[in-house]
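Asker: Below is the file run-v3.pdb, with PDB, C-alpha atoms and all ligand atoms.
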```pdb
ATOM      1  CA  MET A  22       0.000   0.000   0.000  1.00  0.00           C
ATOM      2  CA  SER A  23       1.173   3.519  -0.795  1.00  0.00           C
ATOM      3  CA  LEU A  24       1.625   6.293   1.735  1.00  0.00           C
ATOM      4  CA  LEU A  25      -1.554   7.889   0.481  1.00  0.00           C
ATOM      5  CA  ASP A  26      -3.578   4.749   1.135  1.00  0.00           C
ATOM      6  CA  ASP A  27      -2.053   4.715   4.551  1.00  0.00           C
ATOM      7  CA  GLU A  28      -3.345   8.244   5.161  1.00  0.00           C
ATOM      8  CA  MET A  29      -6.726   7.152   3.841  1.00  0.00           C
ATOM      9  CA  MET A  30      -6.784   4.458   6.504  1.00  0.00           C
ATOM     10  CA  LYS A  31      -6.285   7.092   9.168  1.00  0.00           C
ATOM     11  CA  VAL A  32      -9.199   9.051   7.760  1.00  0.00           C
ATOM     12  CA  ALA A  33     -11.357   5.963   7.733  1.00  0.00           C
ATOM     13  CA  SER A  34     -10.638   5.331  11.381  1.00  0.00           C
ATOM     14  CA  LEU A  35     -11.292   9.013  12.129  1.00  0.00           C
ATOM     15  CA  LEU A  36     -14.762   8.524  10.711  1.00  0.00           C
ATOM     16  CA  GLY A  37     -15.353   6.259  13.656  1.00  0.00           C
ATOM     17  CA  GLU A  38     -16.478   3.316  11.586  1.00  0.00           C
ATOM     18  CA  GLU A  39     -14.641   0.113  12.218  1.00  0.00           C
ATOM     19  CA  ASP A  40     -15.658  -1.207   8.818  1.00  0.00           C
ATOM     20  CA  ALA A  41     -14.591   1.995   7.074  1.00  0.00           C
ATOM     21  CA  VAL A  42     -10.970   0.859   7.133  1.00  0.00           C
ATOM     22  CA  ARG A  43     -11.850  -2.379   5.320  1.00  0.00           C
ATOM     23  CA  ILE A  44     -14.000  -0.525   2.826  1.00  0.00           C
ATOM     24  CA  VAL A  45     -11.279   2.023   2.066  1.00  0.00           C
ATOM     25  CA  LYS A  46      -8.760  -0.807   1.713  1.00  0.00           C
ATOM     26  CA  SER A  47     -11.007  -2.473  -0.851  1.00  0.00           C
ATOM     27  CA  LEU A  48     -11.494   0.793  -2.715  1.00  0.00           C
ATOM     28  CA  ALA A  49      -7.742   1.332  -2.848  1.00  0.00           C
ATOM     29  CA  LYS A  50      -7.392  -2.142  -4.336  1.00  0.00           C
ATOM     30  CA  LEU A  51     -10.361  -2.074  -6.745  1.00  0.00           C
ATOM     31  CA  LYS A  52      -9.664   1.557  -7.858  1.00  0.00           C
ATOM     32  CA  GLU A  53     -13.238   2.114  -9.059  1.00  0.00           C
ATOM     33  CA  ALA A  54     -16.116  -0.135  -8.105  1.00  0.00           C
ATOM     34  CA  PRO A  55     -19.851  -0.361  -7.399  1.00  0.00           C
ATOM     35  CA  ASP A  56     -21.060  -0.926  -3.822  1.00  0.00           C
ATOM     36  CA  ASP A  57     -21.778  -4.645  -4.198  1.00  0.00           C
ATOM     37  CA  ALA A  58     -18.255  -5.319  -5.485  1.00  0.00           C
ATOM     38  CA  ILE A  59     -16.865  -3.382  -2.499  1.00  0.00           C
ATOM     39  CA  ALA A  60     -19.076  -5.411  -0.157  1.00  0.00           C
ATOM     40  CA  ASN A  61     -17.846  -8.655  -1.736  1.00  0.00           C
ATOM     41  CA  ASP A  62     -14.224  -7.677  -1.523  1.00  0.00           C
ATOM     42  CA  SER A  63     -14.279  -6.239   1.990  1.00  0.00           C
ATOM     43  CA  GLY A  64     -16.685  -8.758   3.503  1.00  0.00           C
ATOM     44  CA  VAL A  65     -18.678  -5.865   5.004  1.00  0.00           C
ATOM     45  CA  ARG A  66     -22.471  -6.004   4.750  1.00  0.00           C
ATOM     46  CA  LEU A  67     -23.884  -4.048   1.815  1.00  0.00           C
ATOM     47  CA  ASN A  68     -26.031  -1.696   3.904  1.00  0.00           C
ATOM     48  CA  ILE A  69     -22.988  -0.744   5.995  1.00  0.00           C
ATOM     49  CA  VAL A  70     -20.872  -0.328   2.854  1.00  0.00           C
ATOM     50  CA  ARG A  71     -23.467   2.129   1.540  1.00  0.00           C
ATOM     51  CA  LYS A  72     -23.617   4.037   4.828  1.00  0.00           C
ATOM     52  CA  VAL A  73     -19.817   4.448   4.905  1.00  0.00           C
ATOM     53  CA  LEU A  74     -19.646   5.351   1.191  1.00  0.00           C
ATOM     54  CA  TYR A  75     -22.166   8.160   1.727  1.00  0.00           C
ATOM     55  CA  LYS A  76     -20.181   9.410   4.706  1.00  0.00           C
ATOM     56  CA  LEU A  77     -16.959   9.477   2.684  1.00  0.00           C
ATOM     57  CA  TYR A  78     -18.778  11.043  -0.253  1.00  0.00           C
ATOM     58  CA  ASP A  79     -20.234  13.699   2.042  1.00  0.00           C
ATOM     59  CA  LYS A  80     -16.688  14.679   3.031  1.00  0.00           C
ATOM     60  CA  THR A  81     -15.700  14.589  -0.675  1.00  0.00           C
ATOM     61  CA  LEU A  82     -13.110  11.920   0.082  1.00  0.00           C
ATOM     62  CA  ILE A  83     -14.523   9.708  -2.638  1.00  0.00           C
ATOM     63  CA  SER A  84     -16.142  10.491  -5.962  1.00  0.00           C
ATOM     64  CA  CYS A  85     -19.013   8.819  -7.697  1.00  0.00           C
ATOM     65  CA  THR A  86     -19.724   8.114 -11.360  1.00  0.00           C
ATOM     66  CA  ARG A  87     -23.175   7.065 -12.497  1.00  0.00           C
ATOM     67  CA  ILE A  88     -23.243   4.584 -15.343  1.00  0.00           C
ATOM     68  CA  ARG A  89     -26.398   3.260 -16.993  1.00  0.00           C
ATOM     69  CA  ASP A  90     -26.606  -0.497 -17.421  1.00  0.00           C
ATOM     70  CA  GLU A  91     -27.541  -1.086 -21.093  1.00  0.00           C
ATOM     71  CA  LYS A  92     -29.470  -4.278 -20.373  1.00  0.00           C
ATOM     72  CA  THR A  93     -31.465  -3.398 -17.267  1.00  0.00           C
ATOM     73  CA  GLY A  94     -31.649   0.355 -17.750  1.00  0.00           C
ATOM     74  CA  TRP A  95     -30.647   0.794 -14.094  1.00  0.00           C
ATOM     75  CA  TYR A  96     -27.960   3.167 -12.967  1.00  0.00           C
ATOM     76  CA  ILE A  97     -24.881   1.749 -11.301  1.00  0.00           C
ATOM     77  CA  PHE A  98     -22.764   3.960  -9.074  1.00  0.00           C
ATOM     78  CA  TYR A  99     -19.011   3.542  -9.264  1.00  0.00           C
ATOM     79  CA  TRP A 100     -17.031   4.795  -6.286  1.00  0.00           C
ATOM     80  CA  LYS A 101     -13.454   5.974  -6.305  1.00  0.00           C
ATOM     81  CA  LEU A 102     -11.021   7.391  -3.744  1.00  0.00           C
ATOM     82  CA  GLN A 103     -10.170  11.098  -4.057  1.00  0.00           C
ATOM     83  CA  PRO A 104      -6.591  11.220  -2.824  1.00  0.00           C
ATOM     84  CA  GLU A 105      -6.152  14.928  -3.606  1.00  0.00           C
ATOM     85  CA  GLN A 106      -8.996  15.799  -1.204  1.00  0.00           C
ATOM     86  CA  LEU A 107      -7.504  13.606   1.427  1.00  0.00           C
ATOM     87  CA  ASP A 108      -4.448  15.735   2.008  1.00  0.00           C
ATOM     88  CA  ALA A 109      -6.548  18.808   2.760  1.00  0.00           C
ATOM     89  CA  PHE A 110      -8.785  16.808   5.062  1.00  0.00           C
ATOM     90  CA  VAL A 111      -5.902  15.338   7.041  1.00  0.00           C
ATOM     91  CA  ARG A 112      -4.176  18.724   7.271  1.00  0.00           C
ATOM     92  CA  SER A 113      -7.236  20.489   8.640  1.00  0.00           C
ATOM     93  CA  ARG A 114      -7.640  17.711  11.226  1.00  0.00           C
ATOM     94  CA  LYS A 115      -4.013  18.101  12.237  1.00  0.00           C
ATOM     95  CA  ARG A 116      -4.325  21.875  12.480  1.00  0.00           C
ATOM     96  CA  ARG A 117      -7.314  21.530  14.810  1.00  0.00           C
ATOM     97  CA  THR A 118      -5.431  19.047  16.976  1.00  0.00           C
ATOM     98  CA  LEU A 119      -2.452  21.398  17.036  1.00  0.00           C
ATOM     99  CA  ASP A 120      -4.624  24.287  18.247  1.00  0.00           C
ATOM    100  CA  LYS A 121      -5.989  22.137  21.066  1.00  0.00           C
ATOM    101  CA  LEU A 122      -2.528  20.961  22.106  1.00  0.00           C
ATOM    102  CA  ARG A 123      -1.177  24.512  22.115  1.00  0.00           C
ATOM    103  CA  ALA A 124      -4.068  25.684  24.310  1.00  0.00           C
ATOM    104  CA  ARG A 125      -3.452  22.773  26.691  1.00  0.00           C
ATOM    105  CA  LEU A 126       0.265  23.571  26.840  1.00  0.00           C
ATOM    106  CA  GLU A 127      -0.457  27.210  27.669  1.00  0.00           C
ATOM    107  CA  TYR A 128      -2.812  26.082  30.414  1.00  0.00           C
ATOM    108  CA  GLU A 129      -0.235  23.680  31.870  1.00  0.00           C
ATOM    109  CA  LYS A 130       2.460  26.348  31.787  1.00  0.00           C
ATOM    110  CA  ALA A 131       0.240  29.005  33.375  1.00  0.00           C
ATOM    111  CA  HIS A 132      -0.857  26.947  36.392  1.00  0.00           C
ATOM    112  CA  SER A 133       0.610  24.903  39.183  1.00  0.00           C
ATOM    113  CA  PHE A 134      -1.218  21.690  39.883  1.00  0.00           C
ATOM    114  CA  PHE A 135      -2.239  19.618  42.848  1.00  0.00           C
ATOM    115  CA  LEU A 136      -2.889  15.913  42.864  1.00  0.00           C
ATOM    116  CA  CYS A 137      -4.836  13.820  45.360  1.00  0.00           C
ATOM    117  CA  SER A 138      -2.321  11.751  47.310  1.00  0.00           C
ATOM    118  CA  LYS A 139      -4.939   9.102  48.113  1.00  0.00           C
ATOM    119  CA  CYS A 140      -6.865   8.240  44.926  1.00  0.00           C
ATOM    120  CA  GLY A 141      -4.487   9.855  42.451  1.00  0.00           C
ATOM    121  CA  ASP A 142      -7.442  10.462  40.124  1.00  0.00           C
ATOM    122  CA  VAL A 143      -8.098  14.103  40.869  1.00  0.00           C
ATOM    123  CA  ARG A 144      -5.720  16.773  39.646  1.00  0.00           C
ATOM    124  CA  LEU A 145      -6.624  20.437  40.029  1.00  0.00           C
ATOM    125  CA  PRO A 146      -4.952  23.783  39.353  1.00  0.00           C
ATOM    126  CA  PHE A 147      -3.991  25.800  42.438  1.00  0.00           C
ATOM    127  CA  GLU A 148      -7.079  28.054  42.242  1.00  0.00           C
ATOM    128  CA  ASP A 149      -9.447  25.087  42.403  1.00  0.00           C
ATOM    129  CA  ALA A 150      -7.411  23.170  44.963  1.00  0.00           C
ATOM    130  CA  ILE A 151      -7.606  26.174  47.286  1.00  0.00           C
ATOM    131  CA  GLU A 152     -11.360  26.272  46.853  1.00  0.00           C
ATOM    132  CA  SER A 153     -11.705  22.708  48.080  1.00  0.00           C
ATOM    133  CA  ALA A 154      -9.262  23.457  50.952  1.00  0.00           C
ATOM    134  CA  PHE A 155      -6.719  21.041  49.451  1.00  0.00           C
ATOM    135  CA  ARG A 156      -9.048  18.104  50.054  1.00  0.00           C
ATOM    136  CA  CYS A 157     -10.009  15.788  47.214  1.00  0.00           C
ATOM    137  CA  PRO A 158     -13.693  16.267  46.318  1.00  0.00           C
ATOM    138  CA  LYS A 159     -13.868  12.610  45.323  1.00  0.00           C
ATOM    139  CA  CYS A 160     -12.257  10.754  48.234  1.00  0.00           C
ATOM    140  CA  GLY A 161     -11.389  13.418  50.823  1.00  0.00           C
ATOM    141  CA  GLY A 162      -7.659  12.755  50.438  1.00  0.00           C
ATOM    142  CA  GLN A 163      -4.994  15.407  50.845  1.00  0.00           C
ATOM    143  CA  PHE A 164      -3.736  17.292  47.831  1.00  0.00           C
ATOM    144  CA  VAL A 165      -0.017  17.420  47.171  1.00  0.00           C
ATOM    145  CA  GLU A 166       1.727  19.617  44.673  1.00  0.00           C
ATOM    146  CA  SER A 167       2.178  17.825  41.382  1.00  0.00           C
ATOM    147  CA  ASP A 168       5.031  18.490  39.021  1.00  0.00           C
ATOM    148  CA  ASN A 169       3.730  18.876  35.477  1.00  0.00           C
ATOM    149  CA  SER A 170       7.091  19.248  33.739  1.00  0.00           C
ATOM    150  CA  LYS A 171       6.676  15.773  32.155  1.00  0.00           C
ATOM    151  CA  ILE A 172       3.291  16.743  30.748  1.00  0.00           C
ATOM    152  CA  VAL A 173       4.756  20.010  29.436  1.00  0.00           C
ATOM    153  CA  THR A 174       7.604  18.100  27.761  1.00  0.00           C
ATOM    154  CA  GLU A 175       5.222  15.539  26.246  1.00  0.00           C
ATOM    155  CA  LEU A 176       2.893  18.240  24.940  1.00  0.00           C
ATOM    156  CA  SER A 177       5.804  20.209  23.483  1.00  0.00           C
ATOM    157  CA  LYS A 178       7.030  17.076  21.681  1.00  0.00           C
ATOM    158  CA  MET A 179       3.596  16.331  20.239  1.00  0.00           C
ATOM    159  CA  ILE A 180       3.248  19.955  19.090  1.00  0.00           C
ATOM    160  CA  GLN A 181       6.664  19.906  17.457  1.00  0.00           C
ATOM    161  CA  LYS A 182       5.870  16.658  15.644  1.00  0.00           C
ATOM    162  CA  LEU A 183       2.570  18.009  14.325  1.00  0.00           C
ATOM    163  CA  GLU A 184       4.153  21.300  13.276  1.00  0.00           C
ATOM    164  CA  THR A 185       6.744  19.395  11.264  1.00  0.00           C
ATOM    165  CA  GLU A 186       4.079  17.190   9.661  1.00  0.00           C
ATOM    166  CA  ILE A 187       1.936  20.168   8.678  1.00  0.00           C
ATOM    167  CA  ALA A 188       4.911  22.093   7.283  1.00  0.00           C
ATOM    168  CA  SER A 189       6.067  19.182   5.108  1.00  0.00           C
TER
HETATM  169 ZN    ZN B   1      -8.865  11.559  45.880  1.00  0.00          ZN
END
```
Before we go any further, please render this structure as C-alpha cells.
Ligand SMILES: [Zn+2]

Answerer:
Amino acid sequence: MSLLDDEMMKVASLLGEEDAVRIVKSLAKLKEAPDDAIANDSGVRLNIVRKVLYKLYDKTLISCTRIRDEKTGWYIFYWKLQPEQLDAFVRSRKRRTLDKLRARLEYEKAHSFFLCSKCGDVRLPFEDAIESAFRCPKCGGQFVESDNSKIVTELSKMIQKLETEIAS
C-alpha cells in the first residue's frame, strides 16, 4: 500500500467506523467499483458499505460516477477514492489538533497543579485546589503539589511533531 492509502486508513478510522478501514482498503485495491463489489471484496455487509460510502462522499473523500446499465436500464454507481482531497482533510484535522494541544500547553504552563495523594485520580490547578481546601472532592484525600514538567515536555514534543508534519 502507498503512503496515500495509509493516510486514507487514518481518515477511515477518524470517521469512527470500524468497517470503514476495510471498505477504504477495498477501494484502494479495486480503484473504481460499485457498492456490491466493495461489499464482496471487503466482507462488510452491503447496507454498511453504503452508509460508509455516503459518509466518505459527504466529506468529498470519494467520488461517484453514475453509469447506466444497457441491459437493465438501471444506474450503477461507481465509487473511487479522491486522494487529492484527502491531504486537505488530514491537514485540517491536524491543524485543529495542534490548536488544542497549544491551548493545553499554555494552560499547563500558566498553572501549578495539585494531585490527590490518596486516589491519584483528581488533579486540580492551584485556584481550584484552594477552593476545596486542598481536600479531594472525590475521596477526601490530601492534595499534594504535582510536578507537570513531564506533561509540558510531552505536549511540546507532540506539538513539534505536528508542526513538522503540517509544514512538510
Ligand atoms: Zn482523591

Asker: Find the spatial neighbours of Asp168 in chain A, counting all atoms listed in the file, within a cut-off of 10 Å - ignore same-chain residues fewer than 3 positions away - and output them as an mmCIF file with C-alpha atoms, in the frame of the given file.

Answerer:
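File produced: result31.cif:
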```cif
data_model
loop_
_atom_site.group_PDB
_atom_site.id
_atom_site.type_symbol
_atom_site.label_atom_id
_atom_site.label_comp_id
_atom_site.auth_asym_id
_atom_site.auth_seq_id
_atom_site.Cartn_x
_atom_site.Cartn_y
_atom_site.Cartn_z
ATOM 1 C CA SER A 133 0.610 24.903 39.183
ATOM 2 C CA PHE A 134 -1.218 21.690 39.883
ATOM 3 C CA PHE A 135 -2.239 19.618 42.848
ATOM 4 C CA LEU A 136 -2.889 15.913 42.864
ATOM 5 C CA VAL A 165 -0.017 17.420 47.171
ATOM 6 C CA LYS A 171 6.676 15.773 32.155
ATOM 7 C CA ILE A 172 3.291 16.743 30.748
ATOM 8 C CA VAL A 173 4.756 20.010 29.436
#
```

Asker: So what does the PyMOL selection byres (((not hetatm)) within 6 of (chain B and resi 1)) actually pick up in this one, as a PyMOL selection string?

Answerer: chain A and resi 137+139-141+143+157+159-162

Asker: Quick one: apply the PyMOL selection byres (((chain A and resi 43) around 10) and not hetatm) to the file and drop the selected residues here as an NGL selection string.

Answerer: :A and (30 or 33-34 or 38-42 or 44-49 or 59-60 or 62-65 or 70)

Asker: Would you please work out which residue, of A:Lys182, A:Lys31, A:Lys80, A:Lys50, is nearest to Arg116 in chain A when using all atoms listed in the file?

Answerer: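 Of A:Lys182, A:Lys31, A:Lys80, A:Lys50, the one nearest Arg116 in chain A, counting all atoms listed in the file, is A:Lys182.
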
Asker: Name the residues that the PyMOL selection byres (((chain A and resi 97) around 6) and not hetatm) picks from the file above, as a list in words, using the file's chain letters and numbers.

Answerer: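 This file, filtered by the PyMOL selection byres (((chain A and resi 97) around 6) and not hetatm), leaves Arg87, Ile88, Tyr96 and Phe98 of chain A.
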
Asker: Any chance you can output those residues with C-alpha atoms as an mmCIF file, in the frame of the given file?

Answerer:
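Final file, result_16.cif:
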```cif
data_model
loop_
_atom_site.group_PDB
_atom_site.id
_atom_site.type_symbol
_atom_site.label_atom_id
_atom_site.label_comp_id
_atom_site.auth_asym_id
_atom_site.auth_seq_id
_atom_site.Cartn_x
_atom_site.Cartn_y
_atom_site.Cartn_z
ATOM 1 C CA ARG A 87 -23.175 7.065 -12.497
ATOM 2 C CA ILE A 88 -23.243 4.584 -15.343
ATOM 3 C CA TYR A 96 -27.960 3.167 -12.967
ATOM 4 C CA PHE A 98 -22.764 3.960 -9.074
#
```

Asker: Between A:Ala54, A:Leu183, A:Arg89, A:Pro146, which residue has the minimum interatomic distance to Arg114 in chain A, considering only C-alpha atoms?

Answerer: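 Result for the nearest residue to Arg114 in chain A: A:Leu183.
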
Asker: Give me, please, the distance in Å between CA of Leu102 in chain A and CA of Arg66 in chain A, quoted to one decimal.

Answerer: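 Distance reported for this atom pair: 19.6 Å.
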
Asker: For Asn169 in chain A, which residue among A:Pro104, A:Arg117, A:His132, A:Leu74 is the nearest when counting only C-alpha atoms?

Answerer: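 Smallest separation from Asn169 in chain A among the options: A:His132.
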
Asker: Take CA of Glu148 in chain A and CA of Phe164 in chain A and report the distance between them in Å, one decimal.

Answerer: 12.6 Å

Asker: Would you mind listing what lies within 10 Å of Tyr78 in chain A as a PyMOL selection string, with all atoms listed in the file counted and same-chain residues fewer than 5 positions away left out?

Answerer: chain A and resi 72-73+83-85+100-103

Asker: Go ahead and compute the interatomic distance for CA of Arg123 in chain A and CA of Ile180 in chain A, in Å to one decimal.

Answerer: 7.0 Å

Asker: Restricting the calculation to all atoms listed in the file: of A:Leu82, A:Pro158, A:Leu126, A:Thr93, which residue gets closest to Asp108 in chain A?

Answerer: A:Leu82
